[in-house]
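File shown: coords27.cif. Contents: mmCIF, C-alpha atoms.
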data_final
#
loop_
_atom_site.group_PDB
_atom_site.id
_atom_site.type_symbol
_atom_site.label_atom_id
_atom_site.label_comp_id
_atom_site.auth_asym_id
_atom_site.auth_seq_id
_atom_site.Cartn_x
_atom_site.Cartn_y
_atom_site.Cartn_z
ATOM 1 C CA GLY I 396 -190.585 -67.901 18.775
ATOM 2 C CA ASN I 397 -192.968 -66.180 21.133
ATOM 3 C CA PHE I 398 -196.674 -66.081 20.452
ATOM 4 C CA ARG I 399 -199.897 -64.967 22.007
ATOM 5 C CA VAL I 400 -203.454 -66.168 21.467
ATOM 6 C CA ARG I 401 -205.803 -63.258 21.113
ATOM 7 C CA VAL I 402 -209.035 -64.723 22.441
ATOM 8 C CA MET I 403 -210.642 -63.912 25.778
ATOM 9 C CA THR I 404 -211.290 -67.569 26.573
ATOM 10 C CA LEU I 405 -209.546 -70.569 28.070
ATOM 11 C CA VAL I 406 -206.763 -71.816 25.811
ATOM 12 C CA SER I 407 -204.992 -75.149 26.100
ATOM 13 C CA ASN I 408 -203.350 -77.985 24.180
ATOM 14 C CA ILE I 409 -201.360 -76.035 21.611
ATOM 15 C CA ALA I 410 -199.784 -77.824 18.645
ATOM 16 C CA ARG I 411 -197.153 -76.093 16.548
ATOM 17 C CA ASP I 412 -195.435 -77.054 13.302
ATOM 18 C CA ALA I 413 -192.513 -74.836 12.342
ATOM 19 C CA SER I 414 -192.212 -76.350 8.855
ATOM 20 C CA LEU I 415 -195.756 -75.259 8.036
ATOM 21 C CA ASP I 416 -195.264 -72.034 9.997
ATOM 22 C CA TYR I 417 -198.532 -72.184 11.841
ATOM 23 C CA LEU I 418 -199.821 -72.979 15.263
ATOM 24 C CA ALA I 419 -203.126 -74.442 16.374
ATOM 25 C CA ALA I 420 -204.759 -73.767 19.715
ATOM 26 C CA LYS I 421 -207.763 -75.348 21.354
ATOM 27 C CA VAL I 422 -210.098 -72.751 22.821
ATOM 28 C CA TYR I 423 -213.346 -72.849 24.735
ATOM 29 C CA TYR I 424 -216.099 -70.419 23.846
ATOM 30 C CA THR I 425 -218.893 -69.826 26.322
ATOM 31 C CA PRO I 426 -222.018 -68.339 24.706
ATOM 32 C CA SER I 427 -225.089 -67.537 26.743
ATOM 33 C CA HIS I 428 -226.497 -71.044 27.173
ATOM 34 C CA PHE I 429 -223.794 -73.631 26.509
ATOM 35 C CA GLU I 430 -220.082 -74.167 26.151
ATOM 36 C CA GLN I 431 -218.560 -75.197 22.862
ATOM 37 C CA SER I 432 -215.042 -75.862 21.679
ATOM 38 C CA GLY I 433 -213.191 -74.401 18.747
ATOM 39 C CA TYR I 434 -209.820 -74.298 17.079
ATOM 40 C CA ARG I 435 -207.919 -71.341 15.738
ATOM 41 C CA TRP I 436 -204.854 -71.325 13.495
ATOM 42 C CA PHE I 437 -202.330 -68.525 13.781
ATOM 43 C CA LYS I 438 -199.480 -67.509 11.474
ATOM 44 C CA ASN I 439 -197.485 -65.592 14.097
ATOM 45 C CA THR I 440 -197.990 -62.946 16.772
ATOM 46 C CA ASP I 441 -198.996 -60.197 14.348
ATOM 47 C CA SER I 442 -200.723 -61.917 11.433
ATOM 48 C CA PRO I 443 -204.458 -62.679 11.395
ATOM 49 C CA ASP I 444 -205.811 -66.197 11.739
ATOM 50 C CA LEU I 445 -205.119 -68.592 8.910
ATOM 51 C CA ALA I 446 -208.319 -70.467 9.714
ATOM 52 C CA SER I 447 -210.755 -71.136 12.496
ATOM 53 C CA ALA I 448 -213.360 -73.770 13.182
ATOM 54 C CA VAL I 449 -215.986 -74.346 15.832
ATOM 55 C CA SER I 450 -217.304 -77.793 16.668
ATOM 56 C CA ASN I 451 -220.636 -77.810 18.482
ATOM 57 C CA PRO I 452 -222.107 -81.318 18.121
ATOM 58 C CA SER I 453 -224.731 -80.994 20.860
ATOM 59 C CA THR I 454 -226.861 -78.389 22.634
ATOM 60 C CA SER I 455 -225.006 -78.958 25.898
ATOM 61 C CA THR I 456 -221.362 -78.791 26.975
ATOM 62 C CA ASP I 457 -218.860 -80.125 24.426
ATOM 63 C CA ALA I 458 -215.119 -79.908 24.987
ATOM 64 C CA ILE I 459 -211.857 -80.933 23.321
ATOM 65 C CA PHE I 460 -208.966 -82.419 25.306
ATOM 66 C CA GLY I 461 -206.532 -84.001 22.832
ATOM 67 C CA MET I 462 -204.804 -82.887 19.654
ATOM 68 C CA GLY I 463 -202.438 -84.596 17.193
ATOM 69 C CA LEU I 464 -200.785 -83.319 14.020
ATOM 70 C CA ASP I 465 -199.922 -85.165 10.793
ATOM 71 C CA LYS I 466 -197.248 -82.851 9.382
ATOM 72 C CA GLY I 467 -196.884 -84.712 6.091
ATOM 73 C CA ASP I 468 -200.534 -84.517 5.054
ATOM 74 C CA GLU I 469 -201.244 -81.338 7.048
ATOM 75 C CA ILE I 470 -204.069 -82.960 9.021
ATOM 76 C CA LEU I 471 -205.190 -82.207 12.559
ATOM 77 C CA TYR I 472 -206.766 -84.913 14.744
ATOM 78 C CA LEU I 473 -208.841 -83.885 17.750
ATOM 79 C CA ALA I 474 -210.481 -85.796 20.587
ATOM 80 C CA GLY I 475 -213.078 -84.589 23.041
ATOM 81 C CA ASP I 476 -216.487 -85.333 24.433
ATOM 82 C CA GLU I 477 -220.000 -84.438 23.376
ATOM 83 C CA ALA I 478 -223.204 -84.542 25.381
ATOM 84 C CA THR I 479 -225.628 -87.361 24.610
ATOM 85 C CA ALA I 480 -229.397 -87.712 24.791
ATOM 86 C CA THR I 481 -229.012 -89.740 28.005
ATOM 87 C CA SER I 482 -227.352 -86.769 29.762
ATOM 88 C CA GLY I 483 -223.961 -88.448 29.635
ATOM 89 C CA ASP I 484 -220.870 -87.696 27.560
ATOM 90 C CA ALA I 485 -219.549 -89.687 24.590
ATOM 91 C CA TRP I 486 -216.112 -89.768 22.958
ATOM 92 C CA ARG I 487 -215.796 -87.679 19.780
ATOM 93 C CA ILE I 488 -212.851 -87.787 17.351
ATOM 94 C CA GLU I 489 -212.489 -85.341 14.468
ATOM 95 C CA ARG I 490 -210.141 -85.130 11.464
ATOM 96 C CA ARG I 491 -209.632 -81.659 9.985
ATOM 97 C CA ASN I 492 -207.534 -79.959 7.352
ATOM 98 C CA ALA I 493 -204.762 -78.207 9.292
ATOM 99 C CA ARG I 494 -204.665 -75.204 6.969
ATOM 100 C CA THR I 495 -208.383 -74.545 6.581
ATOM 101 C CA GLY I 496 -210.068 -76.290 9.517
ATOM 102 C CA GLU I 497 -212.391 -78.157 7.146
ATOM 103 C CA LEU I 498 -213.915 -81.265 8.741
ATOM 104 C CA THR I 499 -213.030 -84.548 7.016
ATOM 105 C CA TYR I 500 -214.841 -86.860 9.414
ATOM 106 C CA ALA I 501 -216.171 -87.160 12.942
ATOM 107 C CA VAL I 502 -216.721 -90.436 14.791
ATOM 108 C CA THR I 503 -218.191 -91.038 18.225
ATOM 109 C CA ALA I 504 -218.023 -93.841 20.781
ATOM 110 C CA ASP I 505 -220.446 -94.128 23.684
ATOM 111 C CA PRO I 506 -219.379 -97.207 25.684
ATOM 112 C CA SER I 507 -221.609 -96.477 28.679
ATOM 113 C CA SER I 508 -224.804 -94.677 29.641
ATOM 114 C CA GLY I 509 -222.793 -92.432 31.959
ATOM 115 C CA ASN I 510 -219.932 -90.048 31.303
ATOM 116 C CA ASP I 511 -217.205 -91.165 28.893
ATOM 117 C CA GLY I 512 -214.358 -88.890 27.880
ATOM 118 C CA PRO I 513 -211.008 -88.921 26.080
ATOM 119 C CA ARG I 514 -208.152 -86.959 27.643
ATOM 120 C CA ASP I 515 -205.329 -87.221 25.095
ATOM 121 C CA LEU I 516 -204.706 -88.149 21.462
ATOM 122 C CA GLY I 517 -201.555 -88.974 19.524
ATOM 123 C CA PHE I 518 -200.955 -89.491 15.799
ATOM 124 C CA GLN I 519 -198.524 -92.262 14.847
ATOM 125 C CA ASP I 520 -197.000 -91.486 11.454
ATOM 126 C CA SER I 521 -195.345 -94.840 10.778
ATOM 127 C CA GLU I 522 -198.631 -96.729 11.223
ATOM 128 C CA ASN I 523 -200.992 -93.950 10.084
ATOM 129 C CA ARG I 524 -202.974 -94.580 13.250
ATOM 130 C CA ILE I 525 -204.266 -92.472 16.121
ATOM 131 C CA TYR I 526 -204.232 -93.481 19.782
ATOM 132 C CA ILE I 527 -206.738 -92.012 22.227
ATOM 133 C CA VAL I 528 -206.733 -92.416 26.008
ATOM 134 C CA GLY I 529 -209.263 -91.430 28.643
ATOM 135 C CA PHE I 530 -212.052 -93.093 30.554
ATOM 136 C CA ASP I 531 -215.498 -94.620 30.306
ATOM 137 C CA GLY I 532 -218.179 -95.222 32.905
ATOM 138 C CA ALA I 533 -219.059 -98.814 32.036
ATOM 139 C CA PRO I 534 -218.429 -100.240 35.556
ATOM 140 C CA GLY I 535 -220.591 -97.528 37.132
ATOM 141 C CA ASP I 536 -217.540 -95.371 37.863
ATOM 142 C CA ARG I 537 -214.589 -94.265 35.765
ATOM 143 C CA GLU I 538 -212.178 -96.828 34.299
ATOM 144 C CA TRP I 539 -209.203 -96.450 31.964
ATOM 145 C CA ARG I 540 -210.012 -96.699 28.251
ATOM 146 C CA ILE I 541 -207.500 -96.802 25.370
ATOM 147 C CA GLU I 542 -208.416 -96.867 21.684
ATOM 148 C CA LYS I 543 -206.449 -97.363 18.458
ATOM 149 C CA ARG I 544 -208.101 -96.035 15.298
ATOM 150 C CA LYS I 545 -207.342 -95.723 11.598
ATOM 151 C CA ALA I 546 -206.284 -92.168 10.853
ATOM 152 C CA ARG I 547 -207.901 -92.060 7.399
ATOM 153 C CA ASN I 548 -211.463 -92.894 8.424
ATOM 154 C CA GLY I 549 -211.545 -93.180 12.223
ATOM 155 C CA GLY I 550 -212.308 -96.905 12.109
ATOM 156 C CA LEU I 551 -211.687 -98.683 15.404
ATOM 157 C CA GLY I 552 -208.653 -100.979 15.488
ATOM 158 C CA TRP I 553 -209.019 -102.028 19.107
ATOM 159 C CA ALA I 554 -210.224 -100.753 22.469
ATOM 160 C CA VAL I 555 -209.005 -101.930 25.855
ATOM 161 C CA VAL I 556 -210.213 -101.002 29.326
ATOM 162 C CA LYS I 557 -208.726 -101.362 32.792
ATOM 163 C CA THR I 558 -210.463 -101.012 36.161
ATOM 164 C CA PRO I 559 -207.674 -100.886 38.752
ATOM 165 C CA SER I 560 -209.950 -99.909 41.659
ATOM 166 C CA ALA I 561 -213.547 -99.623 42.797
ATOM 167 C CA GLY I 562 -213.240 -95.831 42.669
ATOM 168 C CA ALA I 563 -212.623 -93.316 39.893
ATOM 169 C CA ASP I 564 -209.773 -94.216 37.523
ATOM 170 C CA GLN I 565 -208.786 -92.479 34.285
ATOM 171 C CA ALA I 566 -205.908 -92.184 31.816
ATOM 172 C CA ASN I 567 -204.781 -88.608 31.198
ATOM 173 C CA ALA I 568 -201.885 -88.730 28.731
ATOM 174 C CA ARG I 569 -199.824 -91.011 26.487
ATOM 175 C CA ALA I 570 -196.398 -91.110 24.880
ATOM 176 C CA ILE I 571 -195.644 -93.383 21.932
ATOM 177 C CA ASP I 572 -192.288 -95.046 21.234
ATOM 178 C CA SER I 573 -192.656 -96.280 17.681
ATOM 179 C CA THR I 574 -189.111 -97.657 17.604
ATOM 180 C CA SER I 575 -189.983 -100.278 20.215
ATOM 181 C CA SER I 576 -193.739 -100.575 19.452
ATOM 182 C CA PHE I 577 -194.823 -99.530 22.951
ATOM 183 C CA MET I 578 -196.893 -96.760 24.455
ATOM 184 C CA TYR I 579 -196.661 -95.300 27.932
ATOM 185 C CA LEU I 580 -199.729 -93.969 29.752
ATOM 186 C CA VAL I 581 -200.224 -91.939 32.897
ATOM 187 C CA GLY I 582 -203.306 -91.063 34.896
ATOM 188 C CA THR I 583 -204.986 -91.807 38.189
ATOM 189 C CA ASP I 584 -206.358 -94.766 40.108
ATOM 190 C CA SER I 585 -208.023 -95.077 43.501
ATOM 191 C CA THR I 586 -206.427 -98.289 44.743
ATOM 192 C CA SER I 587 -205.377 -96.573 47.995
ATOM 193 C CA GLY I 588 -208.798 -95.104 48.629
ATOM 194 C CA ASP I 589 -207.983 -91.727 47.091
ATOM 195 C CA GLY I 590 -206.433 -90.606 43.822
ATOM 196 C CA GLY I 591 -202.876 -91.755 43.099
ATOM 197 C CA TRP I 592 -200.532 -91.816 40.127
ATOM 198 C CA ARG I 593 -200.759 -94.765 37.725
ATOM 199 C CA ILE I 594 -198.281 -95.526 34.937
ATOM 200 C CA GLU I 595 -198.803 -98.216 32.316
ATOM 201 C CA LYS I 596 -196.738 -99.650 29.466
ATOM 202 C CA ARG I 597 -198.703 -101.306 26.642
ATOM 203 C CA ASN I 598 -198.117 -102.895 23.247
ATOM 204 C CA LEU I 599 -199.101 -100.748 20.269
ATOM 205 C CA SER I 600 -200.194 -103.792 18.273
ATOM 206 C CA ASP I 601 -203.051 -104.909 20.525
ATOM 207 C CA GLY I 602 -203.009 -102.725 23.661
ATOM 208 C CA ALA I 603 -201.865 -105.607 25.859
ATOM 209 C CA LEU I 604 -200.536 -104.525 29.257
ATOM 210 C CA VAL I 605 -196.774 -104.945 29.796
ATOM 211 C CA TYR I 606 -196.619 -103.454 33.290
ATOM 212 C CA ALA I 607 -198.437 -101.040 35.597
ATOM 213 C CA THR I 608 -197.208 -99.153 38.650
ATOM 214 C CA SER I 609 -199.144 -97.043 41.157
ATOM 215 C CA THR I 610 -197.860 -94.419 43.586
ATOM 216 C CA ASN I 611 -199.849 -92.525 46.207
ATOM 217 C CA PHE I 612 -197.847 -89.574 47.516
ATOM 218 C CA SER I 613 -200.362 -88.095 49.940
ATOM 219 C CA THR I 614 -203.641 -88.657 51.760
ATOM 220 C CA SER I 615 -205.337 -86.378 49.240
ATOM 221 C CA SER I 616 -205.820 -86.793 45.490
ATOM 222 C CA ASP I 617 -202.668 -87.128 43.363
ATOM 223 C CA ALA I 618 -202.791 -87.213 39.562
ATOM 224 C CA ALA I 619 -200.272 -87.675 36.746
ATOM 225 C CA GLU I 620 -201.304 -85.315 33.944
ATOM 226 C CA ASP I 621 -198.640 -85.626 31.239
ATOM 227 C CA ILE I 622 -195.749 -87.808 30.057
ATOM 228 C CA SER I 623 -192.847 -87.739 27.626
ATOM 229 C CA ILE I 624 -190.133 -90.291 26.947
ATOM 230 C CA ASP I 625 -186.385 -90.111 26.375
ATOM 231 C CA ARG I 626 -185.804 -92.870 23.834
ATOM 232 C CA ASP I 627 -182.008 -92.585 23.929
ATOM 233 C CA GLY I 628 -181.747 -92.548 27.706
ATOM 234 C CA GLY I 629 -184.531 -95.037 28.316
ATOM 235 C CA HIS I 630 -186.397 -92.781 30.730
ATOM 236 C CA MET I 631 -189.846 -91.202 31.006
#
Would you mind writing the file out in structure tokens?
Amino acid sequence: GNFRVRVMTLVSNIARDASLDYLAAKVYYTPSHFEQSGYRWFKNTDSPDLASAVSNPSTSTDAIFGMGLDKGDEILYLAGDEATATSGDAWRIERRNARTGELTYAVTADPSSGNDGPRDLGFQDSENRIYIVGFDGAPGDREWRIEKRKARNGGLGWAVVKTPSAGADQANARAIDSTSSFMYLVGTDSTSGDGGWRIEKRNLSDGALVYATSTNFSTSSDAAEDISIDRDGGHM
């Protein structure tokens, strides 16, 4: 059905579960001195919030970019960045109760002294794992970074990185095909001197690369921002 989010802030990355009859939206709040991220749960267009939560891990800008839902256990997984003491950004992953917003755990990863940030998160029910994609600044500029973590405690299963160019590269979104044990990623690389589309296929078991393709449509920056797969038709 139709819905509206009644907050005067930027809203993005909405997850909805009809069986639980609620919807979760990522929102950015901007107080007087810093930006923080929060989550609000809505019953429908007319009912009040079921729950709300604000995550403000640092005194600088913190933001959430990815959201995954475990319908069976009614758990919400969130990925974003938090400011560090070195003036960079680190990865932050949270696990929260989907009905109340209560925090179960939060884990961080800071692979470089520069800016590191996740851009998407997916929960894999059959494995009880979460997959996070984004970038880190370990080479001195942005490179692709993909992580697999245990859903229950956030423990790292594996992390793989890819530096396709000497410029800025980052993964923006992922789609998981559990029936074939592969994931598909999209984002950007700078192999042509400016931003172009990059698509990767990787194994879920260890993150090993199966193939990668790059396309540069213009002389300006081009970016792939999202992906979905048609399992029956074999397309993305």
**OP:** Might you pull out every residue within 8 Å of Ala618 (chain I), with only C-alpha atoms counted and same-chain residues fewer than 2 positions away left off, and present them as a ChimeraX atom specification?
**Re:** /I:582-583,590-592,616,620
Original post:
Mind telling me what the PyMOL selection byres ((chain I and resi 469) around 10) catches here, as an NGL selection string?
Top reply: :I and (412 or 415 or 464-468 or 470-471 or 491-495)
Original post:
For the file shown, what are the residues hit by the PyMOL selection byres ((chain I and resi 535-547) around 6), laid out as a VMD selection string?
Top reply: chain I and resid 523 to 534 548 to 558 563 to 566
Residues in the PyMOL selection byres ((chain I and resi 485) around 6), expressed as a PDB file with C-alpha atoms, keeping the file's coordinate frame:
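Wrote it out as result.pdb, contents follow:
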ATOM      1  CA  ASP I 476    -216.487 -85.333  24.433  1.00  0.00           C
ATOM      2  CA  GLU I 477    -220.000 -84.438  23.376  1.00  0.00           C
ATOM      3  CA  ASP I 484    -220.870 -87.696  27.560  1.00  0.00           C
ATOM      4  CA  TRP I 486    -216.112 -89.768  22.958  1.00  0.00           C
ATOM      5  CA  ALA I 504    -218.023 -93.841  20.781  1.00  0.00           C
ATOM      6  CA  ASP I 505    -220.446 -94.128  23.684  1.00  0.00           C
ATOM      7  CA  ASP I 511    -217.205 -91.165  28.893  1.00  0.00           C
TER       8      ASP I 511
END
**OP:** Would you kindly identify which residues have an atom no farther than 10 Å from (-228.0, -89.4, 29.3), using all atoms listed in the file and the file's own coordinates, and write them out as a ChimeraX atom specification?
**Re:** /I:478-485,507-510
**OP:** Kindly indicate which residue among I:Asn567, I:Ser576, I:Ser560, I:Ser587 lies nearest to Leu516 (chain I), using only C-alpha atoms for the distances.
**Re:** I:Asn567
**OP:** Could you jot down the CA of Asn598 (chain I) to CA of Pro506 (chain I) separation for me, Å, one decimal place?
**Re:** 22.1 Å
Original post:
What is the distance, in Å and to one decimal place, between CA of Gly463 (chain I) and CA of Thr610 (chain I)?
Top reply: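 Result for CA of Gly463 (chain I) versus CA of Thr610 (chain I): 28.5 Å, one decimal.
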Subject >> Sel. within 9 Å of pt (-205.4, -100.3, 43.9), counting all atoms listed in the file, output as a list in words >> reply: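 Here is the list of nearby residues: Pro559, Ser560, Ala561, Asp584, Ser585, Thr586, Ser587, Gly588, Gly591 and Ser609 of chain I.
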